[in-house]
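Enquirer: Next comes coords-v2.pdb, PDB, C-alpha atoms, pLDDT in the B column:
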MODEL        1
ATOM      1  CA  MET A   7      21.998  11.975 -22.110  1.00 33.00           C
ATOM      2  CA  ASP A   8      23.806  13.530 -19.158  1.00 36.00           C
ATOM      3  CA  LEU A   9      27.104  15.227 -19.892  1.00 34.00           C
ATOM      4  CA  PRO A  10      30.014  15.712 -17.441  1.00 35.00           C
ATOM      5  CA  MET A  11      30.148  19.083 -15.716  1.00 36.00           C
ATOM      6  CA  THR A  12      33.088  21.248 -16.783  1.00 34.00           C
ATOM      7  CA  SER A  13      34.140  21.564 -13.158  1.00 35.00           C
ATOM      8  CA  VAL A  14      34.655  17.827 -12.784  1.00 35.00           C
ATOM      9  CA  ALA A  15      38.295  16.874 -12.924  1.00 38.00           C
ATOM     10  CA  SER A  16      39.356  14.807 -15.903  1.00 36.00           C
ATOM     11  CA  ASN A  17      40.525  11.981 -13.694  1.00 38.00           C
ATOM     12  CA  GLN A  18      37.017  11.356 -12.330  1.00 41.00           C
ATOM     13  CA  ASN A  19      36.496   8.484 -14.705  1.00 43.00           C
ATOM     14  CA  ASN A  20      33.636   6.932 -12.773  1.00 44.00           C
ATOM     15  CA  ALA A  21      31.659  10.154 -12.920  1.00 41.00           C
ATOM     16  CA  THR A  22      32.215  10.527 -16.653  1.00 41.00           C
ATOM     17  CA  THR A  23      31.265   6.902 -17.232  1.00 43.00           C
ATOM     18  CA  SER A  24      28.042   7.313 -15.285  1.00 41.00           C
ATOM     19  CA  TYR A  25      27.090  10.421 -17.216  1.00 44.00           C
ATOM     20  CA  HIS A  26      27.859   8.921 -20.615  1.00 43.00           C
ATOM     21  CA  HIS A  27      25.885   5.802 -19.772  1.00 43.00           C
ATOM     22  CA  GLY A  28      22.972   7.973 -18.781  1.00 62.00           C
ATOM     23  CA  ASN A  29      22.398   5.884 -15.648  1.00 88.00           C
ATOM     24  CA  LEU A  30      23.343   8.275 -12.864  1.00 90.00           C
ATOM     25  CA  ARG A  31      19.758   8.815 -11.734  1.00 89.00           C
ATOM     26  CA  GLU A  32      19.066   5.101 -11.339  1.00 91.00           C
ATOM     27  CA  ALA A  33      22.503   4.526  -9.805  1.00 93.00           C
ATOM     28  CA  LEU A  34      21.718   7.092  -7.120  1.00 93.00           C
ATOM     29  CA  LEU A  35      18.340   5.500  -6.400  1.00 94.00           C
ATOM     30  CA  SER A  36      19.923   2.067  -6.130  1.00 93.00           C
ATOM     31  CA  ALA A  37      22.644   3.372  -3.835  1.00 94.00           C
ATOM     32  CA  ALA A  38      19.978   5.077  -1.741  1.00 94.00           C
ATOM     33  CA  VAL A  39      18.290   1.729  -1.055  1.00 94.00           C
ATOM     34  CA  ASP A  40      21.600   0.330   0.209  1.00 93.00           C
ATOM     35  CA  SER A  41      22.173   3.409   2.340  1.00 93.00           C
ATOM     36  CA  ILE A  42      18.687   3.224   3.873  1.00 93.00           C
ATOM     37  CA  ARG A  43      19.227  -0.456   4.639  1.00 92.00           C
ATOM     38  CA  GLU A  44      22.491   0.249   6.447  1.00 91.00           C
ATOM     39  CA  GLN A  45      21.744   3.468   8.311  1.00 90.00           C
ATOM     40  CA  GLY A  46      18.144   4.501   7.819  1.00 89.00           C
ATOM     41  CA  ALA A  47      16.479   7.085   5.594  1.00 91.00           C
ATOM     42  CA  GLU A  48      17.035   9.845   8.154  1.00 88.00           C
ATOM     43  CA  ASN A  49      20.797   9.566   7.628  1.00 89.00           C
ATOM     44  CA  LEU A  50      20.676   9.549   3.837  1.00 90.00           C
ATOM     45  CA  SER A  51      22.978  12.107   2.217  1.00 89.00           C
ATOM     46  CA  LEU A  52      23.169  13.086  -1.445  1.00 91.00           C
ATOM     47  CA  ARG A  53      26.842  13.934  -1.022  1.00 91.00           C
ATOM     48  CA  ALA A  54      27.534  10.493   0.431  1.00 91.00           C
ATOM     49  CA  LEU A  55      25.626   8.861  -2.424  1.00 93.00           C
ATOM     50  CA  ALA A  56      27.728  10.844  -4.882  1.00 91.00           C
ATOM     51  CA  ARG A  57      30.867   9.350  -3.366  1.00 92.00           C
ATOM     52  CA  VAL A  58      29.402   5.848  -3.536  1.00 92.00           C
ATOM     53  CA  VAL A  59      28.575   6.045  -7.244  1.00 90.00           C
ATOM     54  CA  GLY A  60      31.774   7.942  -8.054  1.00 89.00           C
ATOM     55  CA  VAL A  61      30.561  11.356  -9.171  1.00 89.00           C
ATOM     56  CA  SER A  62      31.106  14.922  -8.007  1.00 86.00           C
ATOM     57  CA  GLN A  63      29.186  16.081  -4.955  1.00 85.00           C
ATOM     58  CA  THR A  64      27.099  18.409  -7.082  1.00 88.00           C
ATOM     59  CA  ALA A  65      26.167  15.809  -9.706  1.00 88.00           C
ATOM     60  CA  PRO A  66      23.125  14.354  -7.854  1.00 87.00           C
ATOM     61  CA  TYR A  67      21.483  17.791  -7.887  1.00 88.00           C
ATOM     62  CA  ARG A  68      21.118  17.504 -11.646  1.00 89.00           C
ATOM     63  CA  HIS A  69      18.423  14.915 -10.950  1.00 90.00           C
ATOM     64  CA  PHE A  70      17.119  15.671  -7.459  1.00 91.00           C
ATOM     65  CA  ALA A  71      16.569  19.042  -5.832  1.00 89.00           C
ATOM     66  CA  ASP A  72      17.354  17.596  -2.425  1.00 93.00           C
ATOM     67  CA  LYS A  73      17.290  14.427  -0.319  1.00 94.00           C
ATOM     68  CA  ASN A  74      13.521  14.592   0.010  1.00 95.00           C
ATOM     69  CA  GLY A  75      13.160  14.706  -3.762  1.00 94.00           C
ATOM     70  CA  LEU A  76      15.203  11.529  -4.108  1.00 95.00           C
ATOM     71  CA  LEU A  77      13.149   9.756  -1.442  1.00 96.00           C
ATOM     72  CA  VAL A  78       9.946  10.852  -3.172  1.00 96.00           C
ATOM     73  CA  GLU A  79      11.106   9.355  -6.461  1.00 95.00           C
ATOM     74  CA  LEU A  80      12.151   6.130  -4.770  1.00 96.00           C
ATOM     75  CA  ALA A  81       8.742   5.915  -3.082  1.00 97.00           C
ATOM     76  CA  ARG A  82       6.947   6.677  -6.342  1.00 97.00           C
ATOM     77  CA  GLN A  83       8.806   3.864  -8.084  1.00 96.00           C
ATOM     78  CA  THR A  84       7.993   1.513  -5.208  1.00 97.00           C
ATOM     79  CA  PHE A  85       4.280   2.255  -5.436  1.00 98.00           C
ATOM     80  CA  ASP A  86       4.442   1.681  -9.193  1.00 98.00           C
ATOM     81  CA  GLU A  87       6.187  -1.652  -8.641  1.00 97.00           C
ATOM     82  CA  LEU A  88       3.542  -2.711  -6.121  1.00 98.00           C
ATOM     83  CA  SER A  89       0.810  -1.632  -8.501  1.00 98.00           C
ATOM     84  CA  GLY A  90       2.402  -3.603 -11.321  1.00 98.00           C
ATOM     85  CA  ILE A  91       2.973  -6.873  -9.489  1.00 97.00           C
ATOM     86  CA  THR A  92      -0.498  -6.912  -7.940  1.00 97.00           C
ATOM     87  CA  SER A  93      -2.399  -5.906 -11.069  1.00 97.00           C
ATOM     88  CA  ASP A  94      -0.482  -8.550 -13.044  1.00 97.00           C
ATOM     89  CA  CYS A  95      -2.013 -11.176 -10.748  1.00 95.00           C
ATOM     90  CA  ILE A  96      -5.568 -10.214 -11.618  1.00 96.00           C
ATOM     91  CA  ASP A  97      -7.204 -12.733 -13.943  1.00 96.00           C
ATOM     92  CA  PRO A  98     -10.735 -11.795 -15.107  1.00 95.00           C
ATOM     93  CA  SER A  99     -11.599 -15.471 -15.454  1.00 95.00           C
ATOM     94  CA  LEU A 100     -11.066 -16.068 -11.726  1.00 96.00           C
ATOM     95  CA  SER A 101     -13.270 -15.132  -8.799  1.00 95.00           C
ATOM     96  CA  SER A 102     -12.628 -11.962  -6.831  1.00 96.00           C
ATOM     97  CA  ALA A 103     -11.632 -14.136  -3.865  1.00 95.00           C
ATOM     98  CA  GLU A 104      -9.005 -15.991  -5.887  1.00 95.00           C
ATOM     99  CA  ASN A 105      -7.666 -12.741  -7.301  1.00 97.00           C
ATOM    100  CA  LEU A 106      -7.425 -11.237  -3.828  1.00 97.00           C
ATOM    101  CA  LEU A 107      -5.387 -14.198  -2.603  1.00 96.00           C
ATOM    102  CA  ARG A 108      -3.080 -13.964  -5.618  1.00 96.00           C
ATOM    103  CA  ALA A 109      -2.592 -10.196  -5.391  1.00 97.00           C
ATOM    104  CA  GLY A 110      -2.239 -10.309  -1.613  1.00 97.00           C
ATOM    105  CA  GLU A 111       0.519 -12.888  -1.783  1.00 96.00           C
ATOM    106  CA  ALA A 112       2.376 -10.883  -4.432  1.00 97.00           C
ATOM    107  CA  TYR A 113       2.076  -7.752  -2.280  1.00 98.00           C
ATOM    108  CA  LEU A 114       3.377  -9.472   0.834  1.00 98.00           C
ATOM    109  CA  ARG A 115       6.281 -11.151  -0.897  1.00 97.00           C
ATOM    110  CA  TYR A 116       7.322  -7.862  -2.468  1.00 97.00           C
ATOM    111  CA  ALA A 117       7.114  -6.011   0.853  1.00 97.00           C
ATOM    112  CA  ILE A 118       9.117  -8.642   2.718  1.00 97.00           C
ATOM    113  CA  ALA A 119      11.761  -8.843  -0.026  1.00 96.00           C
ATOM    114  CA  ASN A 120      12.102  -5.034  -0.154  1.00 96.00           C
ATOM    115  CA  PRO A 121      11.810  -3.871   3.475  1.00 96.00           C
ATOM    116  CA  GLU A 122      13.720  -0.618   2.990  1.00 95.00           C
ATOM    117  CA  LYS A 123      11.469   0.558   0.184  1.00 96.00           C
ATOM    118  CA  TYR A 124       8.320  -0.707   1.872  1.00 97.00           C
ATOM    119  CA  ARG A 125       9.057   1.170   5.092  1.00 95.00           C
ATOM    120  CA  LEU A 126       9.805   4.296   3.104  1.00 95.00           C
ATOM    121  CA  ILE A 127       6.443   4.510   1.339  1.00 96.00           C
ATOM    122  CA  PHE A 128       4.465   4.406   4.584  1.00 95.00           C
ATOM    123  CA  GLY A 129       6.952   5.964   7.004  1.00 92.00           C
ATOM    124  CA  SER A 130       7.628   9.533   8.057  1.00 92.00           C
ATOM    125  CA  SER A 131      10.970  10.034   6.307  1.00 94.00           C
ATOM    126  CA  ILE A 132       9.368  11.879   3.385  1.00 95.00           C
ATOM    127  CA  THR A 133       8.150  15.374   4.225  1.00 94.00           C
ATOM    128  CA  ASN A 134       5.456  17.448   2.522  1.00 94.00           C
ATOM    129  CA  ARG A 135       4.063  14.504   0.572  1.00 94.00           C
ATOM    130  CA  GLU A 136       1.103  16.593  -0.560  1.00 92.00           C
ATOM    131  CA  GLN A 137       3.457  18.735  -2.621  1.00 94.00           C
ATOM    132  CA  TYR A 138       4.342  15.835  -4.935  1.00 96.00           C
ATOM    133  CA  PRO A 139       1.349  15.022  -7.179  1.00 96.00           C
ATOM    134  CA  GLN A 140       3.163  12.212  -8.984  1.00 96.00           C
ATOM    135  CA  LEU A 141       3.742  10.449  -5.674  1.00 97.00           C
ATOM    136  CA  ARG A 142       0.057  10.771  -4.790  1.00 96.00           C
ATOM    137  CA  THR A 143      -0.935   9.428  -8.208  1.00 97.00           C
ATOM    138  CA  SER A 144       1.298   6.372  -7.846  1.00 97.00           C
ATOM    139  CA  ALA A 145       0.068   5.702  -4.308  1.00 97.00           C
ATOM    140  CA  HIS A 146      -3.564   5.927  -5.420  1.00 97.00           C
ATOM    141  CA  SER A 147      -2.925   3.604  -8.359  1.00 97.00           C
ATOM    142  CA  ALA A 148      -1.425   0.962  -6.081  1.00 97.00           C
ATOM    143  CA  PHE A 149      -4.336   1.138  -3.643  1.00 98.00           C
ATOM    144  CA  ASN A 150      -6.891   1.163  -6.455  1.00 98.00           C
ATOM    145  CA  VAL A 151      -5.905  -2.387  -7.417  1.00 97.00           C
ATOM    146  CA  LEU A 152      -7.295  -3.528  -4.072  1.00 98.00           C
ATOM    147  CA  LEU A 153     -10.201  -1.099  -4.128  1.00 98.00           C
ATOM    148  CA  GLN A 154     -11.358  -2.316  -7.527  1.00 97.00           C
ATOM    149  CA  LEU A 155     -11.174  -5.919  -6.346  1.00 97.00           C
ATOM    150  CA  MET A 156     -13.399  -5.034  -3.416  1.00 98.00           C
ATOM    151  CA  ALA A 157     -15.943  -3.289  -5.636  1.00 98.00           C
ATOM    152  CA  GLU A 158     -16.083  -6.205  -8.076  1.00 97.00           C
ATOM    153  CA  GLY A 159     -16.339  -8.779  -5.285  1.00 97.00           C
ATOM    154  CA  ALA A 160     -19.228  -6.904  -3.671  1.00 96.00           C
ATOM    155  CA  GLN A 161     -21.029  -6.581  -7.001  1.00 96.00           C
ATOM    156  CA  ARG A 162     -20.671 -10.308  -7.629  1.00 96.00           C
ATOM    157  CA  GLY A 163     -22.036 -11.144  -4.193  1.00 96.00           C
ATOM    158  CA  GLU A 164     -18.736 -12.691  -3.084  1.00 96.00           C
ATOM    159  CA  PHE A 165     -17.893  -9.988  -0.561  1.00 97.00           C
ATOM    160  CA  LEU A 166     -19.988  -8.161   1.999  1.00 97.00           C
ATOM    161  CA  ASN A 167     -22.329  -5.608   0.454  1.00 95.00           C
ATOM    162  CA  THR A 168     -20.749  -2.550   1.995  1.00 95.00           C
ATOM    163  CA  GLU A 169     -18.613   0.400   0.951  1.00 97.00           C
ATOM    164  CA  PRO A 170     -15.605  -0.951  -1.015  1.00 97.00           C
ATOM    165  CA  MET A 171     -13.268   1.453   0.788  1.00 98.00           C
ATOM    166  CA  ILE A 172     -14.192  -0.114   4.133  1.00 98.00           C
ATOM    167  CA  LEU A 173     -13.485  -3.592   2.776  1.00 98.00           C
ATOM    168  CA  ALA A 174     -10.219  -2.413   1.227  1.00 98.00           C
ATOM    169  CA  ASN A 175      -9.064  -0.750   4.441  1.00 98.00           C
ATOM    170  CA  ASN A 176      -9.807  -3.925   6.380  1.00 97.00           C
ATOM    171  CA  CYS A 177      -7.786  -6.100   4.007  1.00 97.00           C
ATOM    172  CA  TRP A 178      -4.962  -3.600   3.665  1.00 97.00           C
ATOM    173  CA  SER A 179      -4.503  -3.128   7.410  1.00 97.00           C
ATOM    174  CA  SER A 180      -4.382  -6.899   7.916  1.00 97.00           C
ATOM    175  CA  ILE A 181      -1.868  -7.472   5.112  1.00 98.00           C
ATOM    176  CA  HIS A 182       0.209  -4.427   6.035  1.00 98.00           C
ATOM    177  CA  GLY A 183       0.411  -5.585   9.637  1.00 97.00           C
ATOM    178  CA  PHE A 184       1.578  -9.043   8.584  1.00 98.00           C
ATOM    179  CA  ALA A 185       4.237  -7.490   6.372  1.00 98.00           C
ATOM    180  CA  LEU A 186       5.667  -5.279   9.131  1.00 97.00           C
ATOM    181  CA  LEU A 187       5.569  -8.000  11.798  1.00 97.00           C
ATOM    182  CA  THR A 188       7.519 -10.230   9.418  1.00 97.00           C
ATOM    183  CA  ILE A 189       9.978  -7.510   8.428  1.00 96.00           C
ATOM    184  CA  ASP A 190      10.584  -6.616  12.083  1.00 95.00           C
ATOM    185  CA  GLY A 191      11.261 -10.260  12.930  1.00 95.00           C
ATOM    186  CA  VAL A 192       8.424 -10.414  15.463  1.00 95.00           C
ATOM    187  CA  PHE A 193       6.947 -13.623  14.069  1.00 94.00           C
ATOM    188  CA  ALA A 194      10.377 -15.242  13.828  1.00 93.00           C
ATOM    189  CA  ARG A 195      11.004 -14.646  17.546  1.00 94.00           C
ATOM    190  CA  LYS A 196       7.985 -16.748  18.477  1.00 91.00           C
ATOM    191  CA  GLU A 197       7.311 -20.406  17.811  1.00 91.00           C
ATOM    192  CA  GLN A 198       4.741 -20.549  15.026  1.00 90.00           C
ATOM    193  CA  PRO A 199       2.360 -23.396  14.125  1.00 88.00           C
ATOM    194  CA  LEU A 200       3.249 -23.116  10.434  1.00 89.00           C
ATOM    195  CA  GLY A 201       6.237 -22.472   8.234  1.00 91.00           C
ATOM    196  CA  PHE A 202       6.449 -19.109   6.501  1.00 93.00           C
ATOM    197  CA  ASP A 203       4.739 -19.977   3.217  1.00 93.00           C
ATOM    198  CA  ASP A 204       1.821 -21.757   4.889  1.00 92.00           C
ATOM    199  CA  MET A 205       1.479 -19.040   7.496  1.00 94.00           C
ATOM    200  CA  LEU A 206       1.401 -16.334   4.832  1.00 95.00           C
ATOM    201  CA  ARG A 207      -1.263 -18.080   2.801  1.00 93.00           C
ATOM    202  CA  THR A 208      -3.354 -18.954   5.856  1.00 93.00           C
ATOM    203  CA  HIS A 209      -3.257 -15.312   6.942  1.00 95.00           C
ATOM    204  CA  LEU A 210      -4.482 -14.269   3.515  1.00 95.00           C
ATOM    205  CA  GLN A 211      -7.314 -16.800   3.717  1.00 93.00           C
ATOM    206  CA  LEU A 212      -8.347 -15.410   7.111  1.00 94.00           C
ATOM    207  CA  THR A 213      -8.183 -11.881   5.733  1.00 96.00           C
ATOM    208  CA  LEU A 214     -10.398 -12.926   2.834  1.00 95.00           C
ATOM    209  CA  ARG A 215     -12.804 -14.775   5.126  1.00 94.00           C
ATOM    210  CA  ALA A 216     -13.482 -11.599   7.102  1.00 95.00           C
ATOM    211  CA  ILE A 217     -15.027  -9.872   4.075  1.00 96.00           C
ATOM    212  CA  GLN A 218     -16.751 -12.803   2.356  1.00 95.00           C
ATOM    213  CA  TYR A 219     -20.517 -12.902   2.176  1.00 92.00           C
ATOM    214  CA  ALA A 220     -20.355 -16.680   2.629  1.00 87.00           C
ATOM    215  CA  PRO A 221     -17.032 -17.361   4.405  1.00 84.00           C
ATOM    216  CA  GLN A 222     -15.146 -20.402   3.203  1.00 72.00           C
ATOM    217  CA  HIS A 223     -13.942 -23.182   5.489  1.00 68.00           C
ATOM    218  CA  ILE A 224     -10.317 -23.087   6.592  1.00 62.00           C
ATOM    219  CA  PRO A 225      -8.717 -26.446   7.539  1.00 55.00           C
ATOM    220  CA  GLN A 226      -8.493 -26.986  11.286  1.00 53.00           C
ATOM    221  CA  ASN A 227      -5.917 -29.784  11.242  1.00 50.00           C
ATOM    222  CA  LEU A 228      -2.765 -27.722  11.174  1.00 46.00           C
ATOM    223  CA  PRO A 229       0.652 -29.393  11.496  1.00 45.00           C
ATOM    224  CA  GLY A 230       2.672 -29.154  14.684  1.00 44.00           C
ATOM    225  CA  ALA A 231       4.957 -26.196  15.347  1.00 38.00           C
ATOM    226  CA  ILE A 232       7.943 -26.022  13.020  1.00 40.00           C
ATOM    227  CA  PRO A 233      10.758 -23.478  12.672  1.00 40.00           C
ATOM    228  CA  PHE A 234       9.544 -20.235  11.168  1.00 42.00           C
ATOM    229  CA  SER A 235      11.742 -18.564   8.587  1.00 46.00           C
ATOM    230  CA  ASP A 236      11.319 -16.122   5.736  1.00 41.00           C
TER     231      ASP A 236
ENDMDL
END
What is this structure when it is put down as structure tokens?
Expert:
Amino acid sequence: MDLPMTSVASNQNNATTSYHHGNLREALLSAAVDSIREQGAENLSLRALARVVGVSQTAPYRHFADKNGLLVELARQTFDELSGITSDCIDPSLSSAENLLRAGEAYLRYAIANPEKYRLIFGSSITNREQYPQLRTSAHSAFNVLLQLMAEGAQRGEFLNTEPMILANNCWSSIHGFALLTIDGVFARKEQPLGFDDMLRTHLQLTLRAIQYAPQHIPQNLPGAIPFSD
């Protein structure tokens, strides 16, 4: 449990409350997401976060050496969340194709619902990533969900018989691109032939079709253009 620093004035009730509840670390991470949403990761400040959560300006340094350390932890948690929601979709009783569609949809919906965190894990705001082994481990674990699906699909004869990493990179780049184009509002600025849910699932089917050994038919009779919204 965190204890209040002796230098903190007795009237800093919020700081004391945070320490006694043992939630300062998570409160800072949560406040960081809000800050990134409002002004970008490049303008994040530990001192500003301290003011937001109601603690002394030195309190955040009990948990994070610097701003980069906080961003690294936020990114690590994000990778773990992505790993968890995608791996939870994997059902051994289903085909690799079905599991890819399920995991891909979970990935996209998470990314679109958490744009600040999603941009962070693949952006340039974090420096010296190679110096944080836990971040690398979490990133690899998240990607390995897709990589394992590719390996299993190839072994079963569902996917092309090629290096699983090549298949994984193909799927990932397609899904990642869809996520960013949605987050940036690019799709919403153009009239689309499908609503968001149908467009998302059709994109996943096309992504899957590109790596299938025997590509499945995709319906050609699409509805007329309707408003696109996430």
Enquirer: How many Å lie between atom CA of A:Gly201 and atom CA of A:Ile42, rounded to one decimal?
Expert: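 Going from atom CA of A:Gly201 over to atom CA of A:Ile42 covers 28.9 Å.
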Enquirer: Can you measure atom CA of A:Ile91 to atom CA of A:Arg125 for me? One decimal in Å is fine.
Expert: 17.7 Å
Enquirer: Neighbours of A:Ala216 within 10 Å (all atoms listed in the file; same-chain residues fewer than 6 positions away dropped), as a list in words?
Expert: Phe165, Leu166, Leu173, Asn176, Cys177 and Gln222 of chain A
Enquirer: Ranking A:Ala112, A:Val39, A:Leu155, A:Leu126 by minimum distance to A:Val78 and counting only C-alpha atoms, which one comes first?
Expert: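 The closest residue to A:Val78 is A:Leu126.
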Enquirer: Separation of atom CA of A:Tyr219 and atom CA of A:Gly159, in Å?
Expert: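 Separation of atom CA of A:Tyr219 and atom CA of A:Gly159: 9.5 Å.
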Enquirer: Restricting the calculation to all atoms listed in the file, which member of A:Glu111, A:Ala194, A:Gly163, A:His146 is positioned closest to A:Thr213?
Expert: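 Of the candidates, the smallest distance to A:Thr213 is held by A:Glu111.
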Enquirer: Select, from A:Ala145, A:Met205, A:Met171, A:Leu152, the residue with the minimum atom-to-atom distance to A:Arg108, counting only C-alpha atoms.
Expert: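 Using only C-alpha atoms, the shortest distance to A:Arg108 belongs to A:Leu152.
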Enquirer: Using all atoms listed in the file, find the one residue out of A:Ser130, A:Gln45, A:Ser180, A:Gln198 that sits nearest to A:Ala81.
Expert: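 Looking only at the distances to A:Ala81, the closest residue turns out to be A:Ser130.
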Enquirer: What's the 12 Å shell around A:Ala157, counting all atoms listed in the file, without same-chain residues fewer than 6 positions away, as JSON, numbers by chain?
Expert: {"A": [102, 103, 106, 150, 151, 163, 164, 165, 166, 167, 168, 169, 170, 171, 172, 173, 174, 217]}
Enquirer: If we count all atoms listed in the file, what is near stretch 31-37 of chain A at a cut-off of 9 Å, once residues fewer than 6 positions away on the same chain are taken out, given as a ChimeraX atom specification?
Expert: /A:24,52,55-56,58-59,66,68-70,76-77,79-80
Enquirer: What would the file look like if the residues just selected were written as a JSON list (two decimals), in the coordinates of the input with C-alpha atoms?
Expert:
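As a result, again_22.json now contains:
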[["chain", "number", "residue", "atom", "x", "y", "z"],
["A", 24, "SER", "CA", 28.04, 7.31, -15.28],
["A", 52, "LEU", "CA", 23.17, 13.09, -1.44],
["A", 55, "LEU", "CA", 25.63, 8.86, -2.42],
["A", 56, "ALA", "CA", 27.73, 10.84, -4.88],
["A", 58, "VAL", "CA", 29.40, 5.85, -3.54],
["A", 59, "VAL", "CA", 28.58, 6.04, -7.24],
["A", 66, "PRO", "CA", 23.12, 14.35, -7.85],
["A", 68, "ARG", "CA", 21.12, 17.50, -11.65],
["A", 69, "HIS", "CA", 18.42, 14.92, -10.95],
["A", 70, "PHE", "CA", 17.12, 15.67, -7.46],
["A", 76, "LEU", "CA", 15.20, 11.53, -4.11],
["A", 77, "LEU", "CA", 13.15, 9.76, -1.44],
["A", 79, "GLU", "CA", 11.11, 9.36, -6.46],
["A", 80, "LEU", "CA", 12.15, 6.13, -4.77]]
Enquirer: If the PyMOL selection byres ((chain A and resi 148) around 12) is run on the structure shown, which residues does it catch, given as a PDB file with C-alpha atoms, in the coordinates of the input?
Expert:
ATOM      1  CA  ALA A  81       8.742   5.915  -3.082  1.00 97.00           C
ATOM      2  CA  ARG A  82       6.947   6.677  -6.342  1.00 97.00           C
ATOM      3  CA  GLN A  83       8.806   3.864  -8.084  1.00 96.00           C
ATOM      4  CA  THR A  84       7.993   1.513  -5.208  1.00 97.00           C
ATOM      5  CA  PHE A  85       4.280   2.255  -5.436  1.00 98.00           C
ATOM      6  CA  ASP A  86       4.442   1.681  -9.193  1.00 98.00           C
ATOM      7  CA  GLU A  87       6.187  -1.652  -8.641  1.00 97.00           C
ATOM      8  CA  LEU A  88       3.542  -2.711  -6.121  1.00 98.00           C
ATOM      9  CA  SER A  89       0.810  -1.632  -8.501  1.00 98.00           C
ATOM     10  CA  GLY A  90       2.402  -3.603 -11.321  1.00 98.00           C
ATOM     11  CA  ILE A  91       2.973  -6.873  -9.489  1.00 97.00           C
ATOM     12  CA  THR A  92      -0.498  -6.912  -7.940  1.00 97.00           C
ATOM     13  CA  SER A  93      -2.399  -5.906 -11.069  1.00 97.00           C
ATOM     14  CA  ASP A  94      -0.482  -8.550 -13.044  1.00 97.00           C
ATOM     15  CA  ALA A 109      -2.592 -10.196  -5.391  1.00 97.00           C
ATOM     16  CA  TYR A 113       2.076  -7.752  -2.280  1.00 98.00           C
ATOM     17  CA  ILE A 127       6.443   4.510   1.339  1.00 96.00           C
ATOM     18  CA  LEU A 141       3.742  10.449  -5.674  1.00 97.00           C
ATOM     19  CA  ARG A 142       0.057  10.771  -4.790  1.00 96.00           C
ATOM     20  CA  THR A 143      -0.935   9.428  -8.208  1.00 97.00           C
ATOM     21  CA  SER A 144       1.298   6.372  -7.846  1.00 97.00           C
ATOM     22  CA  ALA A 145       0.068   5.702  -4.308  1.00 97.00           C
ATOM     23  CA  HIS A 146      -3.564   5.927  -5.420  1.00 97.00           C
ATOM     24  CA  SER A 147      -2.925   3.604  -8.359  1.00 97.00           C
ATOM     25  CA  PHE A 149      -4.336   1.138  -3.643  1.00 98.00           C
ATOM     26  CA  ASN A 150      -6.891   1.163  -6.455  1.00 98.00           C
ATOM     27  CA  VAL A 151      -5.905  -2.387  -7.417  1.00 97.00           C
ATOM     28  CA  LEU A 152      -7.295  -3.528  -4.072  1.00 98.00           C
ATOM     29  CA  LEU A 153     -10.201  -1.099  -4.128  1.00 98.00           C
ATOM     30  CA  GLN A 154     -11.358  -2.316  -7.527  1.00 97.00           C
ATOM     31  CA  LEU A 155     -11.174  -5.919  -6.346  1.00 97.00           C
ATOM     32  CA  ALA A 174     -10.219  -2.413   1.227  1.00 98.00           C
ATOM     33  CA  TRP A 178      -4.962  -3.600   3.665  1.00 97.00           C
TER      34      TRP A 178
END
Enquirer: Would you mind listing, for every residue of stretch 29-65 of chain A within 12 Å of stretch 131-136 of chain A, the two atoms forming the shortest contact and the distance between them in Å to one decimal, using all atoms listed in the file, sorted by chain and ascending residue number, as a tab-separated table?
Expert:
residue	atom	partner	partner_atom	distance
A:Ile42	CA	A:Ser131	CA	10.6
A:Gly46	CA	A:Ser131	CA	9.2
A:Ala47	CA	A:Ser131	CA	6.3
A:Glu48	CA	A:Ser131	CA	6.3
A:Asn49	CA	A:Ser131	CA	9.9
A:Leu50	CA	A:Ser131	CA	10.0
